[in-house]
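Listing of entry-v5.csv; format and content: CSV, C-alpha atoms.
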chain,number,residue,atom,x,y,z
A,1,MET,CA,-91.5,-159.3,-51.7
A,2,VAL,CA,-87.9,-159.7,-50.5
A,3,ASP,CA,-85.4,-157.1,-51.8
A,4,ILE,CA,-82.5,-159.4,-53.1
A,5,PRO,CA,-79.9,-156.6,-53.6
A,6,LEU,CA,-80.5,-155.3,-50.1
A,7,LEU,CA,-79.9,-158.8,-48.6
A,8,LEU,CA,-76.7,-159.2,-50.6
A,9,LEU,CA,-75.4,-155.8,-49.4
A,10,SER,CA,-76.2,-156.7,-45.7
A,11,ALA,CA,-74.4,-160.0,-46.0
A,12,LEU,CA,-71.3,-158.3,-47.5
A,13,ILE,CA,-71.2,-155.8,-44.6
A,14,ALA,CA,-71.6,-158.5,-42.0
A,15,PHE,CA,-68.7,-160.5,-43.6
A,16,ILE,CA,-66.4,-157.5,-43.6
A,17,LEU,CA,-67.1,-156.8,-39.9
A,18,TRP,CA,-66.6,-160.4,-39.0
A,19,THR,CA,-63.2,-160.4,-40.8
A,20,ILE,CA,-62.0,-157.3,-39.0
A,21,PHE,CA,-62.9,-158.4,-35.5
A,22,GLN,CA,-61.9,-162.0,-35.9
A,23,HIS,CA,-58.4,-161.3,-37.4
A,24,PRO,CA,-57.0,-158.1,-36.0
A,25,GLU,CA,-53.4,-157.4,-36.9
A,26,PRO,CA,-51.2,-157.0,-33.8
A,27,ARG,CA,-49.8,-153.5,-33.6
A,28,ASN,CA,-46.3,-154.6,-32.6
A,29,GLN,CA,-46.2,-157.0,-35.5
A,30,ALA,CA,-47.1,-154.2,-38.0
A,31,LEU,CA,-44.3,-152.0,-36.5
A,32,SER,CA,-41.7,-154.7,-36.8
A,33,GLN,CA,-42.6,-155.3,-40.5
A,34,ASP,CA,-42.3,-151.5,-41.2
A,35,SER,CA,-39.0,-151.4,-39.4
A,36,ALA,CA,-37.6,-154.2,-41.5
A,37,THR,CA,-38.0,-152.2,-44.6
A,38,ILE,CA,-35.6,-149.4,-43.4
A,39,PRO,CA,-32.1,-150.1,-44.6
A,40,ALA,CA,-29.4,-150.1,-41.9
A,41,GLN,CA,-27.1,-147.1,-42.0
A,42,PRO,CA,-23.6,-148.1,-43.2
A,43,GLU,CA,-20.8,-147.7,-40.7
A,44,ALA,CA,-18.3,-144.9,-41.3
A,45,ASN,CA,-15.3,-145.9,-43.3
A,46,GLU,CA,-12.3,-144.4,-45.0
A,47,THR,CA,-14.4,-143.0,-47.9
A,48,THR,CA,-17.1,-141.4,-45.8
A,49,LYS,CA,-15.1,-139.8,-43.0
A,50,VAL,CA,-14.5,-136.1,-43.1
A,51,ILE,CA,-11.0,-135.3,-44.3
A,52,GLU,CA,-9.3,-133.7,-41.3
A,53,ALA,CA,-6.1,-132.5,-43.1
A,54,PHE,CA,-5.1,-131.6,-46.6
A,55,LEU,CA,-1.5,-131.8,-47.8
A,56,VAL,CA,-0.9,-129.5,-50.8
A,57,LEU,CA,2.0,-130.5,-53.0
A,58,ASP,CA,3.5,-129.0,-56.2
A,59,VAL,CA,6.9,-130.3,-57.1
A,60,GLU,CA,9.5,-128.8,-59.5
A,61,ALA,CA,11.8,-131.1,-61.5
A,62,THR,CA,14.8,-130.9,-63.8
A,63,CYS,CA,14.0,-129.8,-67.3
A,64,ILE,CA,15.8,-128.9,-70.6
A,65,PRO,CA,14.6,-126.9,-73.6
A,66,ASN,CA,12.3,-128.9,-75.8
A,67,GLY,CA,12.8,-131.9,-73.5
A,68,GLY,CA,9.2,-133.1,-73.5
A,69,PHE,CA,7.3,-135.0,-70.8
A,70,GLU,CA,9.0,-138.3,-71.6
A,71,GLU,CA,12.3,-137.1,-70.2
A,72,PRO,CA,13.7,-138.7,-67.0
A,73,ASN,CA,12.9,-135.6,-64.8
A,74,GLU,CA,14.2,-135.6,-61.3
A,75,ILE,CA,12.4,-133.8,-58.5
A,76,ILE,CA,14.4,-130.8,-57.2
A,77,GLU,CA,11.8,-129.1,-55.0
A,78,TRP,CA,9.3,-130.8,-52.6
A,79,PRO,CA,7.0,-128.3,-50.8
A,80,VAL,CA,4.0,-129.3,-48.6
A,81,ILE,CA,1.4,-127.0,-47.3
A,82,LEU,CA,-0.7,-128.5,-44.4
A,83,LEU,CA,-4.3,-127.3,-44.1
A,84,ARG,CA,-6.7,-128.1,-41.3
A,85,TRP,CA,-10.3,-127.0,-40.5
A,86,ASP,CA,-10.3,-124.0,-38.2
A,87,LYS,CA,-11.1,-125.2,-34.7
A,88,GLU,CA,-12.5,-121.8,-33.7
A,89,VAL,CA,-15.4,-122.2,-36.0
A,90,GLN,CA,-18.2,-123.8,-34.0
A,91,ASP,CA,-20.1,-125.5,-36.7
A,92,ASP,CA,-21.2,-129.0,-37.6
A,93,THR,CA,-20.1,-128.4,-41.2
A,94,PRO,CA,-16.7,-126.6,-41.1
A,95,LYS,CA,-16.0,-124.4,-44.1
A,96,ARG,CA,-12.8,-122.5,-43.1
A,97,LEU,CA,-9.5,-124.1,-43.9
A,98,VAL,CA,-6.3,-122.6,-42.5
A,99,ILE,CA,-2.6,-123.2,-43.1
A,100,VAL,CA,-1.1,-124.7,-40.0
A,101,ASP,CA,2.4,-125.8,-41.1
A,102,ILE,CA,4.7,-125.9,-44.1
A,103,PHE,CA,7.4,-128.3,-45.2
A,104,HIS,CA,9.9,-127.3,-47.8
A,105,SER,CA,13.1,-128.8,-49.2
A,106,TYR,CA,15.1,-128.7,-52.3
A,107,CYS,CA,16.4,-132.1,-53.6
A,108,ARG,CA,19.8,-132.9,-55.1
A,109,PRO,CA,19.5,-134.6,-58.5
A,110,ILE,CA,21.7,-137.6,-59.1
A,111,LEU,CA,21.1,-138.4,-62.8
A,112,ARG,CA,21.7,-134.9,-64.1
A,113,PRO,CA,23.4,-133.2,-61.1
A,114,THR,CA,24.0,-130.0,-63.1
A,115,LEU,CA,20.9,-127.9,-63.8
A,116,HIS,CA,20.4,-126.5,-67.3
A,117,PRO,CA,20.2,-122.7,-67.4
A,118,PHE,CA,16.7,-123.1,-68.8
A,119,CYS,CA,15.6,-125.0,-65.6
A,120,THR,CA,17.0,-122.3,-63.3
A,121,GLU,CA,15.3,-119.5,-65.4
A,122,LEU,CA,12.0,-121.4,-65.3
A,123,THR,CA,11.9,-122.4,-61.6
A,124,GLY,CA,14.3,-119.9,-60.0
A,125,ILE,CA,16.1,-122.8,-58.4
A,126,THR,CA,19.9,-122.3,-58.5
A,127,GLN,CA,22.7,-124.8,-58.8
A,128,GLU,CA,24.0,-123.9,-55.3
A,129,GLN,CA,20.6,-124.7,-53.8
A,130,VAL,CA,20.4,-128.2,-55.2
A,131,ASP,CA,24.1,-128.9,-54.5
A,132,GLN,CA,23.5,-128.2,-50.8
A,133,ALA,CA,20.2,-130.1,-50.7
A,134,PRO,CA,19.6,-133.7,-49.5
A,135,THR,CA,18.8,-136.5,-52.0
A,136,PHE,CA,15.2,-137.3,-52.7
A,137,PRO,CA,15.0,-140.4,-50.3
A,138,GLU,CA,16.4,-138.2,-47.6
A,139,VAL,CA,13.8,-135.5,-48.3
A,140,LEU,CA,11.1,-138.1,-48.0
A,141,SER,CA,12.4,-139.1,-44.6
A,142,LEU,CA,12.3,-135.5,-43.5
A,143,CYS,CA,8.8,-135.1,-44.9
A,144,ARG,CA,7.7,-138.2,-43.0
A,145,ASN,CA,9.1,-136.7,-39.8
A,146,PHE,CA,7.1,-133.5,-40.6
A,147,MET,CA,3.9,-135.6,-40.9
A,148,ALA,CA,4.6,-137.5,-37.6
A,149,LYS,CA,5.3,-134.2,-35.8
A,150,ASN,CA,1.8,-133.0,-36.9
A,151,GLU,CA,0.3,-136.3,-35.8
A,152,LEU,CA,-0.9,-137.4,-39.2
A,153,ILE,CA,1.1,-140.7,-39.1
A,154,ASP,CA,2.8,-142.7,-36.4
A,155,GLN,CA,6.5,-143.7,-36.5
A,156,ARG,CA,5.7,-146.6,-38.8
A,157,GLY,CA,3.9,-144.5,-41.3
A,158,ASN,CA,0.4,-145.6,-40.4
A,159,ALA,CA,-2.3,-143.0,-40.6
A,160,LEU,CA,-3.5,-141.5,-37.4
A,161,GLN,CA,-5.9,-139.0,-39.0
A,162,ASN,CA,-7.9,-138.9,-42.2
A,163,TYR,CA,-5.8,-136.8,-44.6
A,164,ALA,CA,-5.5,-136.4,-48.3
A,165,TRP,CA,-2.8,-135.2,-50.7
A,166,CYS,CA,-3.8,-132.4,-53.0
A,167,THR,CA,-2.2,-131.5,-56.4
A,168,ASP,CA,-3.0,-129.3,-59.4
A,169,GLY,CA,-3.7,-132.2,-61.8
A,170,PRO,CA,-2.3,-135.7,-61.7
A,171,TRP,CA,1.2,-135.1,-62.8
A,172,ASP,CA,3.1,-134.5,-59.6
A,173,LEU,CA,2.2,-137.9,-57.9
A,174,ARG,CA,1.4,-139.9,-61.0
A,175,ASP,CA,4.4,-139.0,-63.2
A,176,PHE,CA,7.2,-137.1,-61.4
A,177,LEU,CA,7.0,-139.2,-58.3
A,178,GLN,CA,7.0,-142.4,-60.3
A,179,LYS,CA,10.0,-141.3,-62.3
A,180,GLN,CA,11.9,-140.2,-59.2
A,181,ALA,CA,11.1,-143.5,-57.4
A,182,PHE,CA,12.5,-145.4,-60.3
A,183,ILE,CA,15.7,-143.3,-60.5
A,184,SER,CA,16.2,-143.4,-56.8
A,185,LYS,CA,15.4,-147.1,-56.7
A,186,ILE,CA,12.9,-146.8,-53.8
A,187,GLU,CA,9.3,-147.8,-53.2
A,188,ARG,CA,6.7,-145.2,-53.0
A,189,PRO,CA,5.9,-144.8,-49.3
A,190,SER,CA,2.4,-145.9,-48.1
A,191,TRP,CA,1.9,-142.7,-46.2
A,192,LEU,CA,1.6,-140.8,-49.5
A,193,ARG,CA,-1.9,-142.5,-49.7
A,194,LEU,CA,-1.9,-142.4,-53.5
A,195,GLY,CA,-5.4,-143.8,-53.6
A,196,ARG,CA,-6.8,-140.8,-51.9
A,197,VAL,CA,-5.7,-137.7,-53.8
A,198,VAL,CA,-7.6,-134.5,-54.4
A,199,ASP,CA,-7.0,-133.3,-57.9
A,200,VAL,CA,-7.7,-129.6,-57.3
A,201,ARG,CA,-7.9,-128.8,-61.0
A,202,SER,CA,-10.6,-131.4,-61.4
A,203,THR,CA,-12.4,-130.2,-58.2
A,204,PHE,CA,-12.3,-126.6,-59.4
A,205,GLY,CA,-13.7,-127.7,-62.8
A,206,ASN,CA,-16.6,-129.4,-61.0
A,207,TRP,CA,-17.3,-126.3,-59.0
A,208,TYR,CA,-17.2,-124.2,-62.2
A,209,VAL,CA,-19.7,-126.5,-64.0
A,210,GLU,CA,-22.1,-126.4,-61.0
A,211,LYS,CA,-22.0,-122.7,-60.7
A,212,TYR,CA,-21.8,-121.5,-64.3
A,213,LEU,CA,-22.7,-124.3,-66.6
A,214,GLY,CA,-25.3,-126.2,-64.5
A,215,ARG,CA,-28.2,-125.1,-66.7
A,216,TYR,CA,-26.6,-126.7,-69.8
A,217,LYS,CA,-25.9,-129.9,-67.9
A,218,ARG,CA,-29.4,-130.1,-66.5
A,219,LYS,CA,-31.1,-129.4,-69.9
A,220,PRO,CA,-28.8,-131.0,-72.6
A,221,LYS,CA,-31.6,-131.4,-75.0
A,222,ASN,CA,-31.8,-127.6,-75.4
A,223,HIS,CA,-28.1,-127.2,-76.2
A,224,GLY,CA,-27.1,-130.4,-78.1
A,225,THR,CA,-25.0,-133.2,-76.9
A,226,PHE,CA,-21.6,-132.3,-75.5
A,227,SER,CA,-19.3,-133.0,-72.6
A,228,ILE,CA,-18.6,-130.4,-69.9
A,229,ASN,CA,-15.2,-131.0,-68.4
A,230,PRO,CA,-13.4,-127.7,-68.0
A,231,SER,CA,-9.7,-127.8,-67.0
A,232,PHE,CA,-8.3,-124.5,-65.9
A,233,LYS,CA,-4.6,-123.8,-65.1
A,234,LEU,CA,-3.9,-122.4,-61.7
A,235,ASN,CA,-3.8,-118.7,-62.7
A,236,LYS,CA,-7.2,-119.0,-64.4
A,237,GLN,CA,-8.6,-120.8,-61.3
A,238,LEU,CA,-7.5,-117.9,-59.1
A,239,ARG,CA,-8.9,-115.3,-61.4
A,240,LEU,CA,-12.3,-117.0,-61.5
A,241,LEU,CA,-12.3,-116.9,-57.7
A,242,ASP,CA,-11.5,-113.2,-57.8
A,243,LEU,CA,-7.9,-113.9,-56.6
A,244,GLU,CA,-4.5,-113.1,-58.0
A,245,PHE,CA,-1.4,-115.3,-58.1
A,246,GLU,CA,0.9,-114.5,-55.3
A,247,GLY,CA,4.7,-115.0,-55.7
A,248,ARG,CA,6.7,-116.5,-58.5
A,249,GLU,CA,5.1,-118.9,-61.0
A,250,HIS,CA,6.9,-122.3,-61.2
A,251,SER,CA,8.3,-121.9,-57.7
A,252,GLY,CA,7.1,-125.1,-56.1
A,253,LEU,CA,6.5,-123.4,-52.8
A,254,ASP,CA,4.6,-120.4,-54.3
A,255,ASP,CA,2.6,-122.7,-56.5
A,256,SER,CA,1.7,-124.8,-53.5
A,257,ARG,CA,0.6,-121.8,-51.5
A,258,ASN,CA,-1.7,-120.7,-54.4
A,259,ILE,CA,-3.2,-124.1,-54.8
A,260,ALA,CA,-3.9,-124.0,-51.1
A,261,ARG,CA,-5.7,-120.7,-51.6
A,262,VAL,CA,-8.0,-122.3,-54.2
A,263,LEU,CA,-8.9,-125.0,-51.8
A,264,ILE,CA,-9.5,-122.5,-49.0
A,265,GLU,CA,-11.8,-120.5,-51.2
A,266,LEU,CA,-13.7,-123.5,-52.5
A,267,ALA,CA,-14.2,-124.7,-48.9
A,268,ALA,CA,-15.4,-121.2,-47.9
A,269,ARG,CA,-18.0,-121.4,-50.6
A,270,GLY,CA,-19.3,-124.7,-49.3
A,271,PHE,CA,-18.0,-126.9,-52.1
A,272,PRO,CA,-17.1,-130.4,-51.0
A,273,LEU,CA,-13.4,-131.4,-51.1
A,274,GLU,CA,-13.2,-135.1,-51.7
A,275,PRO,CA,-10.5,-137.5,-53.1
A,276,ASN,CA,-11.1,-137.8,-56.9
A,277,LEU,CA,-7.8,-139.3,-58.1
A,278,ASP,CA,-6.3,-142.8,-57.7
A,279,VAL,CA,-2.7,-142.6,-58.8
A,280,SER,CA,-1.7,-145.8,-60.5
A,281,PRO,CA,1.9,-147.0,-59.8
A,282,THR,CA,2.1,-148.9,-63.1
A,283,ARG,CA,3.0,-146.0,-65.4
A,284,THR,CA,6.3,-146.5,-67.2
A,285,TYR,CA,8.5,-144.6,-69.7
A,286,PRO,CA,10.8,-145.8,-72.6
A,287,TRP,CA,14.0,-145.1,-70.6
A,288,MET,CA,13.0,-147.3,-67.7
A,289,ARG,CA,14.8,-150.6,-68.2
A,290,PRO,CA,13.6,-153.8,-66.6
A,291,ASN,CA,16.8,-154.2,-64.6
A,292,GLY,CA,16.2,-150.9,-62.9
A,293,THR,CA,18.7,-148.8,-64.9
A,294,VAL,CA,18.0,-145.6,-66.9
A,295,ALA,CA,18.4,-145.9,-70.7
A,296,ILE,CA,19.8,-142.5,-71.5
A,297,ASP,CA,22.9,-141.5,-73.6
A,298,SER,CA,25.8,-140.2,-71.7
A,299,ALA,CA,25.8,-137.2,-73.9
A,300,GLN,CA,22.3,-136.3,-72.7
A,301,LEU,CA,23.5,-136.2,-69.1
A,302,THR,CA,25.5,-133.0,-69.9
A,303,LEU,CA,22.7,-131.2,-71.7
Using the file provided, produce a representation of the structure as structure tokens.
Amino acid sequence: MVDIPLLLLSALIAFILWTIFQHPEPRNQALSQDSATIPAQPEANETTKVIEAFLVLDVEATCIPNGGFEEPNEIIEWPVILLRWDKEVQDDTPKRLVIVDIFHSYCRPILRPTLHPFCTELTGITQEQVDQAPTFPEVLSLCRNFMAKNELIDQRGNALQNYAWCTDGPWDLRDFLQKQAFISKIERPSWLRLGRVVDVRSTFGNWYVEKYLGRYKRKPKNHGTFSINPSFKLNKQLRLLDLEFEGREHSGLDDSRNIARVLIELAARGFPLEPNLDVSPTRTYPWMRPNGTVAIDSAQLTL
């Protein structure tokens, strides 16, 4: 008798062999299909380039007792600390930032030319220093020359290198600069690159979360639902990095130097320093009139 299952199995094997040898897949076609599934690498752009220089800024402004943040403060100190990656470090991933240049100028206020004693006591800035200082538009012009000298921008203000401004929180460029530009009746210069700002306080908070609170973030179900967003003042940032504040607090230059020290230390620990703040130019205050004047009582000018 004929074994039917054996015949069926033999027929199936023969069919498979015929299929393989009659329809082989060309090797180069298979490779091309595999290659088509690999996404093209994006070209480097402004957001992916390594930041070559960091400009640390911490301004000081006019102030009065119990004045509040809504006051028309004028910038009276504009210090800039320029940081670059150390060229002597031969490494594909540089981690050592160094101070290469400093710009510093006091600014003469025009709305309230006389400093309140409270302001001098807080900042250490004297009336003589601001009386002899250039106005804010003149200071910006000097700062622009400083940046051109360091080959960050050309004479037209166009960027020659990938740089970012760095501040301790958003207030210096978001609020004080906006107020001063309105009072001085000037446009905010494009070379300030307000869409590429490193908020050092926020950056430090991210580092702190990753180093000390990461286990809570990774396993929220074990610790309840909450938001981790620490915001530490400059003194606290330094202490958590085993550093001490150097100089006088509320001196714009000394504050800027210490903010730079935080950046240098974070870089040394391998934490990425990336722009994380886009400063909107639309912020307004009640004293800003549509016609460009400042709505403030004459009596307040002598406070």
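Atom to atom, atom CA of A:Lys179 and atom CA of A:Thr167 stand 16.7 Å apart.
Residue nearest A:Pro290, chosen from A:Leu140, A:Glu274, A:Phe182, A:Asn158 and counting all atoms listed in the file: A:Phe182.
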| query | Quick one: residues within 10 Å of stretch 150-155 of chain A, only C-alpha atoms counted, chain neighbours fewer than 6 positions away excluded, as a list in words? | reply | Glu52, Ala53, Leu82, Val100, Asp101, Arg144, Gln161, Asn162, Tyr163 and Trp191 of chain A
At what distance in Å, to one decimal, does atom CA of A:Leu213 lie from atom CA of A:Ser256?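 Distance reported for this atom pair: 27.7 Å.
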Q.
Using only C-alpha atoms, which protein or nucleic acid residues come within 12 Å of A:Leu142? Drop anything in the same chain fewer than 2 positions from it, and give the result as a list in words.
A. Trp78, Pro79, Val80, Phe103, His104, Ser105, Tyr106, Cys107, Ala133, Pro134, Thr135, Phe136, Pro137, Glu138, Val139, Leu140, Arg144, Asn145, Phe146, Met147, Ala148 and Lys149 of chain A
note - atom CA of A:Pro170 and atom CA of A:Asp199 are separated by 6.5 Å
Across A:Leu83, A:Ile110, A:Leu97, A:Leu273, the smallest distance to A:Val200, with only C-alpha atoms counted, is shown by A:Leu273
Excluding A:Pro113 and its own-chain neighbours fewer than 3 positions away, which residues fall within 9 Å of it when counting only C-alpha atoms? Please give them as a PyMOL selection string. chain A and resi 108-110+127+130-131+301
Point to revise | Nearest-residue call for A:Ile76, choices A:Arg261, A:Arg269, A:Arg112, A:Arg201, using all atoms listed in the file | key: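 Among the listed residues, the smallest separation from A:Ile76 belongs to A:Arg112.
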| message | Let me make sure I understand: among A:Ser202, A:Thr62, A:Pro272, A:Cys166, which one has the smallest atom-to-atom distance to A:Thr114 if we use only C-alpha atoms? | response |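 Of the candidates, the smallest distance to A:Thr114 is held by A:Thr62.
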